[in-house]
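Pasting model24.cif here (mmCIF, C-alpha atoms):
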data_target
#
loop_
_atom_site.label_atom_id
_atom_site.label_comp_id
_atom_site.auth_asym_id
_atom_site.auth_seq_id
_atom_site.Cartn_x
_atom_site.Cartn_y
_atom_site.Cartn_z
CA MET A 1 109.67 130.11 123.53
CA SER A 2 112.07 127.36 124.62
CA ASN A 3 114.40 125.59 122.22
CA ILE A 4 112.52 122.31 122.85
CA ALA A 5 109.17 123.88 121.92
CA GLU A 6 110.71 125.33 118.71
CA ALA A 7 112.21 121.92 117.76
CA GLU A 8 108.89 120.16 118.36
CA LYS A 9 107.17 122.51 115.89
CA THR A 10 109.50 121.46 113.04
CA GLN A 11 109.88 117.75 113.79
CA ASP A 12 107.72 115.08 112.25
CA PHE A 13 106.71 112.51 114.85
CA SER A 14 104.67 110.39 112.44
CA GLY A 15 107.31 107.65 112.69
CA CYS A 16 106.28 107.17 116.31
CA MET A 17 102.73 106.30 115.34
CA PRO A 18 101.80 102.93 113.84
CA ALA A 19 101.66 102.99 110.05
CA LYS A 20 98.39 102.06 108.43
CA PRO A 21 98.45 99.46 105.64
CA GLN A 22 97.90 100.86 102.14
CA GLN A 23 96.48 99.03 99.11
CA GLU A 24 100.09 98.20 98.14
CA HIS A 25 100.50 96.31 101.42
CA GLU A 26 97.31 94.41 100.61
CA TRP A 27 98.82 93.47 97.25
CA LEU A 28 101.85 91.99 99.01
CA HIS A 29 99.59 89.87 101.18
CA LYS A 30 98.55 87.91 98.07
CA LEU A 31 101.95 86.23 98.53
CA VAL A 32 101.16 85.05 102.08
CA GLY A 33 100.82 81.28 102.36
CA GLU A 34 102.50 77.93 101.93
CA TRP A 35 103.84 77.34 98.42
CA THR A 36 105.73 74.81 96.34
CA TYR A 37 107.91 76.06 93.52
CA GLU A 38 109.57 74.77 90.39
CA ALA A 39 112.20 76.89 88.67
CA ASP A 40 114.12 76.87 85.40
CA CYS A 41 117.46 78.66 85.38
CA VAL A 42 119.68 79.27 82.36
CA MET A 43 123.32 78.92 83.44
CA GLY A 44 124.89 79.93 80.11
CA PRO A 45 124.10 80.78 76.49
CA ASP A 46 124.54 77.27 75.10
CA GLN A 47 123.33 75.30 78.11
CA PRO A 48 119.88 73.80 78.67
CA PRO A 49 117.82 75.23 81.55
CA MET A 50 118.55 73.65 84.92
CA LYS A 51 115.65 72.78 87.19
CA SER A 52 115.22 73.33 90.91
CA SER A 53 112.29 72.95 93.28
CA GLY A 54 111.29 73.42 96.88
CA THR A 55 108.88 75.00 99.30
CA HIS A 56 108.30 78.60 100.32
CA ARG A 57 106.40 79.96 103.31
CA THR A 58 105.43 83.63 103.31
CA THR A 59 104.02 85.32 106.40
CA SER A 60 102.76 88.79 107.26
CA PHE A 61 104.98 90.87 109.51
CA GLY A 62 102.83 93.47 111.23
CA GLY A 63 100.50 93.85 108.24
CA LEU A 64 103.06 96.09 106.51
CA TRP A 65 105.67 93.56 105.43
CA VAL A 66 105.79 90.03 104.10
CA VAL A 67 108.65 87.68 104.91
CA GLY A 68 109.23 84.57 102.82
CA ASP A 69 111.47 81.65 103.71
CA GLY A 70 112.33 79.08 101.09
CA GLU A 71 113.96 75.67 101.20
CA GLY A 72 114.89 73.58 98.23
CA LYS A 73 117.63 72.22 96.08
CA MET A 74 119.94 74.03 93.72
CA PRO A 75 120.14 72.76 90.13
CA ASP A 76 123.24 70.74 91.15
CA GLY A 77 121.28 69.09 93.99
CA SER A 78 122.87 71.00 96.87
CA PRO A 79 120.53 72.43 99.53
CA ALA A 80 119.38 76.03 99.35
CA GLN A 81 117.69 78.38 101.80
CA THR A 82 116.36 81.82 100.89
CA ARG A 83 114.75 84.75 102.69
CA LEU A 84 112.72 87.46 101.01
CA THR A 85 111.37 90.61 102.69
CA LEU A 86 108.99 92.98 100.92
CA GLY A 87 107.13 96.07 102.04
CA TYR A 88 105.83 99.33 100.69
CA ASP A 89 107.46 102.62 101.66
CA ALA A 90 104.53 105.05 101.49
CA LEU A 91 106.81 108.07 101.94
CA LYS A 92 108.93 107.16 98.91
CA GLY A 93 106.03 105.65 96.97
CA VAL A 94 107.95 102.44 96.15
CA PHE A 95 108.04 98.81 97.15
CA VAL A 96 111.20 97.95 99.08
CA GLY A 97 112.80 94.75 100.25
CA SER A 98 115.71 92.39 100.23
CA PHE A 99 116.71 88.86 99.27
CA ILE A 100 119.42 86.63 100.69
CA GLY A 101 120.31 83.03 99.96
CA SER A 102 122.50 80.39 101.55
CA MET A 103 124.29 79.98 98.21
CA MET A 104 125.50 83.60 97.93
CA SER A 105 127.42 86.15 100.00
CA ASN A 106 125.64 89.25 98.73
CA GLN A 107 122.33 90.80 99.75
CA TRP A 108 119.99 91.96 97.01
CA VAL A 109 118.25 95.24 97.97
CA TYR A 110 115.03 95.99 96.12
CA SER A 111 113.14 99.08 95.01
CA GLY A 112 110.19 98.72 92.67
CA LYS A 113 106.74 99.54 91.37
CA LEU A 114 103.56 97.83 90.24
CA ASP A 115 102.61 98.00 86.58
CA ALA A 116 99.35 99.61 85.42
CA SER A 117 97.50 96.27 85.52
CA GLY A 118 98.28 95.88 89.24
CA LYS A 119 99.46 92.30 88.66
CA ILE A 120 103.19 92.71 88.03
CA LEU A 121 105.71 94.05 90.56
CA THR A 122 109.12 94.83 89.06
CA LEU A 123 111.89 95.06 91.64
CA ASP A 124 115.15 96.72 90.58
CA THR A 125 118.40 95.69 92.23
CA GLU A 126 122.14 95.55 91.67
CA GLY A 127 124.55 92.73 92.36
CA PRO A 128 127.53 90.74 91.17
CA ASP A 129 127.87 90.58 87.40
CA PHE A 130 127.54 86.89 86.51
CA THR A 131 129.62 87.36 83.36
CA THR A 132 132.42 89.65 84.61
CA PRO A 133 133.88 88.80 88.04
CA GLY A 134 134.58 91.83 90.22
CA LYS A 135 131.94 94.00 88.54
CA THR A 136 128.29 94.67 89.33
CA ALA A 137 125.27 94.63 87.06
CA LYS A 138 121.63 95.71 87.15
CA TYR A 139 118.96 93.08 87.69
CA GLN A 140 115.20 92.89 87.98
CA ASP A 141 113.11 90.37 89.88
CA ILE A 142 109.55 90.37 88.57
CA LEU A 143 106.65 89.01 90.62
CA GLU A 144 103.45 88.34 88.70
CA ILE A 145 100.18 87.31 90.30
CA LYS A 146 98.58 84.75 87.98
CA SER A 147 95.75 83.78 90.38
CA ASP A 148 95.12 83.43 94.12
CA ASP A 149 96.95 80.09 93.96
CA HIS A 150 99.72 80.80 91.44
CA HIS A 151 102.38 83.46 91.04
CA THR A 152 105.71 83.63 89.24
CA LEU A 153 109.10 85.11 90.00
CA SER A 154 111.30 85.87 86.99
CA SER A 155 114.81 87.27 87.07
CA GLN A 156 116.58 89.18 84.35
CA ALA A 157 119.94 90.92 83.96
CA GLN A 158 120.74 94.02 81.98
CA GLY A 159 123.46 93.36 79.41
CA PRO A 160 126.16 95.79 78.27
CA ASP A 161 123.90 96.65 75.33
CA GLY A 162 121.19 97.86 77.74
CA GLN A 163 118.85 94.98 76.85
CA TRP A 164 117.28 92.79 79.54
CA HIS A 165 118.02 89.05 79.39
CA SER A 166 115.82 86.61 81.32
CA PHE A 167 117.70 83.81 83.12
CA MET A 168 115.28 82.35 85.69
CA THR A 169 111.56 81.73 86.07
CA ALA A 170 109.93 80.07 89.08
CA HIS A 171 106.28 79.05 89.38
CA TYR A 172 104.84 79.14 92.90
CA ARG A 173 101.70 77.13 93.55
CA ARG A 174 99.73 77.29 96.78
CA LYS A 175 99.77 74.09 98.83
CA ARG A 176 96.32 72.69 99.47
#
Conversion result in C-alpha coordinates:
Amino acid sequence: MSNIAEAEKTQDFSGCMPAKPQQEHEWLHKLVGEWTYEADCVMGPDQPPMKSSGTHRTTSFGGLWVVGDGEGKMPDGSPAQTRLTLGYDALKGVFVGSFIGSMMSNQWVYSGKLDASGKILTLDTEGPDFTTPGKTAKYQDILEIKSDDHHTLSSQAQGPDGQWHSFMTAHYRRKR
(Lines of atoms letter the chains of each structure in order from A and count residues from 1; the text may use other names and numbers.)
(Lines give C-alpha, C1' and ligand atoms only; values in the text may rest on other atoms or scores of the structure.)
Protein backbone atom coordinates (compact mmCIF):
# COMPACT_ATOMS: atom_id res chain seq x y z
CA MET A 1 0.00 0.00 0.00
CA SER A 2 1.30 3.49 -0.81
CA ASN A 3 2.21 6.01 1.86
CA ILE A 4 -0.64 8.28 0.67
CA ALA A 5 -3.22 5.50 1.06
CA GLU A 6 -1.90 4.74 4.59
CA ALA A 7 -2.08 8.45 5.57
CA GLU A 8 -5.63 8.75 4.24
CA LYS A 9 -6.75 5.89 6.49
CA THR A 10 -5.64 7.74 9.65
CA GLN A 11 -6.60 11.30 8.73
CA ASP A 12 -9.89 12.87 9.65
CA PHE A 13 -11.29 14.86 6.74
CA SER A 14 -14.44 15.96 8.58
CA GLY A 15 -13.09 19.53 8.64
CA CYS A 16 -13.48 19.60 4.86
CA MET A 17 -17.20 18.98 5.09
CA PRO A 18 -19.67 21.68 6.16
CA ALA A 19 -20.51 21.52 9.85
CA LYS A 20 -24.14 21.06 10.76
CA PRO A 21 -25.66 23.44 13.33
CA GLN A 22 -26.30 21.89 16.75
CA GLN A 23 -28.90 22.97 19.32
CA GLU A 24 -26.18 25.16 20.89
CA HIS A 25 -25.90 27.09 17.62
CA GLU A 26 -29.68 27.55 17.69
CA TRP A 27 -29.36 28.98 21.21
CA LEU A 28 -26.86 31.56 19.94
CA HIS A 29 -29.30 32.64 17.25
CA LYS A 30 -31.61 33.98 19.97
CA LEU A 31 -29.13 36.88 20.04
CA VAL A 32 -29.59 37.69 16.33
CA GLY A 33 -31.33 41.01 15.74
CA GLU A 34 -31.22 44.75 16.24
CA TRP A 35 -30.94 45.78 19.89
CA THR A 36 -30.65 48.83 22.10
CA TYR A 37 -28.77 48.52 25.36
CA GLU A 38 -28.40 50.33 28.66
CA ALA A 39 -25.55 49.41 30.98
CA ASP A 40 -24.49 50.16 34.54
CA CYS A 41 -20.79 49.84 35.30
CA VAL A 42 -19.16 50.14 38.72
CA MET A 43 -15.82 51.91 38.33
CA GLY A 44 -14.67 51.58 41.95
CA PRO A 45 -15.77 50.44 45.41
CA ASP A 46 -17.03 53.82 46.61
CA GLN A 47 -18.28 55.18 43.30
CA PRO A 48 -21.86 55.19 42.00
CA PRO A 49 -22.57 53.09 38.89
CA MET A 50 -21.87 54.87 35.62
CA LYS A 51 -24.37 54.54 32.79
CA SER A 52 -23.80 53.90 29.10
CA SER A 53 -26.11 53.12 26.20
CA GLY A 54 -26.10 52.33 22.53
CA THR A 55 -27.16 49.94 19.81
CA HIS A 56 -26.07 46.43 18.95
CA ARG A 57 -26.64 44.46 15.76
CA THR A 58 -26.07 40.71 15.82
CA THR A 59 -26.06 38.63 12.65
CA SER A 60 -25.66 34.96 11.81
CA PHE A 61 -22.40 33.96 10.16
CA GLY A 62 -22.97 30.74 8.25
CA GLY A 63 -25.51 29.43 10.77
CA LEU A 64 -22.68 28.37 13.10
CA TRP A 65 -21.54 31.72 14.47
CA VAL A 66 -23.08 34.99 15.56
CA VAL A 67 -21.27 38.30 15.15
CA GLY A 68 -22.39 41.35 17.08
CA ASP A 69 -21.34 44.93 16.43
CA GLY A 70 -22.10 47.60 18.99
CA GLU A 71 -21.95 51.38 18.95
CA GLY A 72 -22.53 53.63 21.88
CA LYS A 73 -21.04 55.94 24.41
CA MET A 74 -18.71 55.17 27.28
CA PRO A 75 -19.75 56.38 30.75
CA ASP A 76 -17.55 59.48 30.19
CA GLY A 77 -19.40 60.25 26.93
CA SER A 78 -16.65 59.16 24.53
CA PRO A 79 -17.66 56.95 21.59
CA ALA A 80 -17.32 53.18 21.80
CA GLN A 81 -17.43 50.39 19.24
CA THR A 82 -17.45 46.69 20.12
CA ARG A 83 -17.39 43.38 18.26
CA LEU A 84 -18.48 40.07 19.71
CA THR A 85 -18.12 36.66 18.03
CA LEU A 86 -19.68 33.52 19.48
CA GLY A 87 -19.92 29.96 18.24
CA TYR A 88 -20.07 26.43 19.55
CA ASP A 89 -17.13 24.08 19.13
CA ALA A 90 -18.84 20.68 18.92
CA LEU A 91 -15.52 18.82 19.10
CA LYS A 92 -14.57 20.47 22.41
CA GLY A 93 -18.16 20.67 23.67
CA VAL A 94 -17.85 24.37 24.61
CA PHE A 95 -19.00 27.75 23.40
CA VAL A 96 -16.11 29.82 22.04
CA GLY A 97 -15.70 33.40 20.97
CA SER A 98 -14.02 36.73 21.37
CA PHE A 99 -14.70 40.35 22.26
CA ILE A 100 -12.85 43.49 21.22
CA GLY A 101 -13.61 47.14 21.85
CA SER A 102 -12.36 50.46 20.52
CA MET A 103 -11.58 51.50 24.10
CA MET A 104 -9.13 48.66 24.86
CA SER A 105 -5.99 47.12 23.36
CA ASN A 106 -6.63 43.54 24.48
CA GLN A 107 -8.79 40.82 22.97
CA TRP A 108 -10.99 38.79 25.30
CA VAL A 109 -11.06 35.10 24.26
CA TYR A 110 -14.03 33.10 25.52
CA SER A 111 -14.74 29.51 26.47
CA GLY A 112 -18.00 28.64 28.18
CA LYS A 113 -21.03 26.49 28.86
CA LEU A 114 -24.78 26.79 29.26
CA ASP A 115 -26.30 26.21 32.68
CA ALA A 116 -28.82 23.42 33.32
CA SER A 117 -31.78 25.74 32.64
CA GLY A 118 -30.49 26.46 29.12
CA LYS A 119 -30.95 30.21 29.66
CA ILE A 120 -27.56 31.31 31.00
CA LEU A 121 -24.27 31.11 29.09
CA THR A 122 -21.20 31.73 31.25
CA LEU A 123 -18.11 32.66 29.26
CA ASP A 124 -14.74 32.42 31.02
CA THR A 125 -11.90 34.67 29.94
CA GLU A 126 -8.71 36.29 31.18
CA GLY A 127 -7.52 39.85 30.76
CA PRO A 128 -5.85 42.85 32.35
CA ASP A 129 -6.36 43.08 36.09
CA PHE A 130 -8.28 46.32 36.65
CA THR A 131 -6.86 46.68 40.16
CA THR A 132 -3.20 45.71 39.61
CA PRO A 133 -1.53 47.11 36.47
CA GLY A 134 0.72 44.64 34.68
CA LYS A 135 -1.14 41.58 35.97
CA THR A 136 -3.99 39.52 34.56
CA ALA A 137 -7.17 38.33 36.22
CA LYS A 138 -10.00 35.89 35.53
CA TYR A 139 -13.32 37.24 34.31
CA GLN A 140 -16.72 35.92 33.31
CA ASP A 141 -19.21 37.42 30.89
CA ILE A 142 -22.66 35.99 31.51
CA LEU A 143 -25.39 36.11 28.86
CA GLU A 144 -28.91 35.42 30.10
CA ILE A 145 -31.93 35.08 27.84
CA LYS A 146 -34.84 36.77 29.64
CA SER A 147 -37.28 36.56 26.70
CA ASP A 148 -37.24 36.67 22.89
CA ASP A 149 -36.94 40.46 23.16
CA HIS A 150 -34.67 40.89 26.20
CA HIS A 151 -31.32 39.51 27.27
CA THR A 152 -28.63 40.65 29.67
CA LEU A 153 -24.85 40.65 29.66
CA SER A 154 -23.17 40.80 33.07
CA SER A 155 -19.45 40.91 33.75
CA GLN A 156 -17.66 39.83 36.87
CA ALA A 157 -14.03 39.57 38.01
CA GLN A 158 -12.49 37.02 40.31
CA GLY A 159 -10.82 38.69 43.29
CA PRO A 160 -7.67 37.51 45.08
CA ASP A 161 -9.95 35.79 47.60
CA GLY A 162 -11.43 33.63 44.81
CA GLN A 163 -14.83 35.33 45.05
CA TRP A 164 -16.57 36.74 41.97
CA HIS A 165 -17.41 40.47 42.00
CA SER A 166 -19.95 41.86 39.53
CA PHE A 167 -19.00 45.18 37.92
CA MET A 168 -21.23 45.60 34.85
CA THR A 169 -24.75 44.69 33.74
CA ALA A 170 -26.26 45.60 30.37
CA HIS A 171 -29.88 45.08 29.32
CA TYR A 172 -30.44 44.47 25.61
CA ARG A 173 -33.92 45.07 24.25
CA ARG A 174 -34.98 44.17 20.73
CA LYS A 175 -35.79 47.15 18.51
CA ARG A 176 -39.32 47.07 17.14
* **Separation of CA of Pro75 (chain A) from CA of Glu38 (chain A), in Å and rounded to one decimal** =>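 Straight-line distance from CA of Pro75 (chain A) to CA of Glu38 (chain A) works out to 10.8 Å.
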* Gap from CA of Ile100 (chain A) to CA of Lys73 (chain A) - Å, one decimal ->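 Separating CA of Ile100 (chain A) from CA of Lys73 (chain A) is a distance of 15.2 Å.
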* Residues near Leu143 (chain A), cut-off 8 Å, only C-alpha atoms, skip fewer than 4 positions along chain, as an NGL selection string -> :A and (120-122 or 151-154)
* **Result set of the PyMOL selection byres ((chain A and resi 81) around 10) on the coordinates above, as a PyMOL selection string** => chain A and resi 54-56+69-74+79-80+82-83+100-103
* Can you give me, as a list in words, the residues this file yields under the PyMOL selection byres ((chain A and resi 21) around 12)? =>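 Selection result, ordered by chain and number: Pro18, Ala19, Lys20, Gln22, Gln23, Glu24, His25, Glu26, Trp27, Leu28, His29, Ser60, Phe61, Gly62, Gly63, Leu64, Trp65, Gly87, Tyr88, Asp89 and Ala90 of chain A.
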Restrict the calculation to all atoms listed in the file, then for each residue of region 43-104 of chain A with any atom at most 10 Å from an atom of region 113-118 of chain A give the closest atom pair and their distance in Å to one decimal, rows by chain and rising residue number, as JSON lines.
{"residue": "A:Tyr88", "atom": "CA", "partner": "A:Lys113", "partner_atom": "CA", "distance": 9.4}
{"residue": "A:Gly93", "atom": "CA", "partner": "A:Lys113", "partner_atom": "CA", "distance": 8.3}
{"residue": "A:Val94", "atom": "CA", "partner": "A:Lys113", "partner_atom": "CA", "distance": 5.7}
{"residue": "A:Phe95", "atom": "CA", "partner": "A:Lys113", "partner_atom": "CA", "distance": 6.0}
{"residue": "A:Val96", "atom": "CA", "partner": "A:Lys113", "partner_atom": "CA", "distance": 9.0}
* **Chain and number of each residue from the PyMOL selection byres ((chain A and resi 136) around 12), as a PyMOL selection string** => chain A and resi 106+108+125-135+137-139+157-160
Saved selection, atoms kept: C-alpha atoms, as a PDB file, in the frame of the given file:
ATOM      1  CA  ASN A 106     125.640  89.250  98.730  1.00  0.00           C
ATOM      2  CA  TRP A 108     119.990  91.960  97.010  1.00  0.00           C
ATOM      3  CA  THR A 125     118.400  95.690  92.230  1.00  0.00           C
ATOM      4  CA  GLU A 126     122.140  95.550  91.670  1.00  0.00           C
ATOM      5  CA  GLY A 127     124.550  92.730  92.360  1.00  0.00           C
ATOM      6  CA  PRO A 128     127.530  90.740  91.170  1.00  0.00           C
ATOM      7  CA  ASP A 129     127.870  90.580  87.400  1.00  0.00           C
ATOM      8  CA  PHE A 130     127.540  86.890  86.510  1.00  0.00           C
ATOM      9  CA  THR A 131     129.620  87.360  83.360  1.00  0.00           C
ATOM     10  CA  THR A 132     132.420  89.650  84.610  1.00  0.00           C
ATOM     11  CA  PRO A 133     133.880  88.800  88.040  1.00  0.00           C
ATOM     12  CA  GLY A 134     134.580  91.830  90.220  1.00  0.00           C
ATOM     13  CA  LYS A 135     131.940  94.000  88.540  1.00  0.00           C
ATOM     14  CA  ALA A 137     125.270  94.630  87.060  1.00  0.00           C
ATOM     15  CA  LYS A 138     121.630  95.710  87.150  1.00  0.00           C
ATOM     16  CA  TYR A 139     118.960  93.080  87.690  1.00  0.00           C
ATOM     17  CA  ALA A 157     119.940  90.920  83.960  1.00  0.00           C
ATOM     18  CA  GLN A 158     120.740  94.020  81.980  1.00  0.00           C
ATOM     19  CA  GLY A 159     123.460  93.360  79.410  1.00  0.00           C
ATOM     20  CA  PRO A 160     126.160  95.790  78.270  1.00  0.00           C
TER      21      PRO A 160
END
* To do: Measuring atom to atom with only C-alpha atoms, identify which of A:Gly77, A:Gly33, A:Gly162, A:Gly97 is nearest to Ser53 (chain A).
  =>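 Closest residue, counting only C-alpha atoms: A:Gly77.
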* **For Lys175 (chain A), the nearest of the candidates A:Met17, A:Val32, A:Leu84, A:Met104, counting all atoms listed in the file** => A:Val32
Around all listed atoms of region 103-109 of chain A, padded 5 Å per side, what centre and edge lengths does the axis-aligned box have in Å to one decimal, as AutoDock Vina command-line options?
--center_x 122.8 --center_y 87.6 --center_z 98.5 --size_x 19.2 --size_y 25.3 --size_z 13.0
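Across the model, the gap from CA of Ser155 (chain A) to CA of Met168 (chain A) is 5.1 Å.
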* Asked: Which of these, A:Met50, A:Leu91, A:Cys41, A:Leu31, has the shortest distance to Val67 (chain A) once you count only C-alpha atoms?
  -> A:Leu31
* Which residues, protein or nucleic acid, reach to within 8 Å of (114.7, 100.2, 89.0) in the file's coordinates when using all atoms listed in the file, and can you give that as a VMD selection string? -> chain A and resid 111 to 112 122 to 125 140
Neighbours of Arg176 (chain A) within 10 Å (all atoms listed in the file; same-chain residues fewer than 5 positions away dropped), as an mmCIF file with C-alpha atoms, in the coordinates of the input?
data_model
loop_
_atom_site.group_PDB
_atom_site.id
_atom_site.type_symbol
_atom_site.label_atom_id
_atom_site.label_comp_id
_atom_site.auth_asym_id
_atom_site.auth_seq_id
_atom_site.Cartn_x
_atom_site.Cartn_y
_atom_site.Cartn_z
ATOM 1 C CA GLU A 34 102.500 77.930 101.930
ATOM 2 C CA TRP A 35 103.840 77.340 98.420
ATOM 3 C CA ASP A 149 96.950 80.090 93.960
#
* Select, from A:Thr36, A:Ser147, A:Ser105, A:Thr169, the residue with the minimum atom-to-atom distance to Arg57 (chain A), counting only C-alpha atoms. =>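 With only C-alpha atoms as the atom set, the closest residue is A:Thr36.
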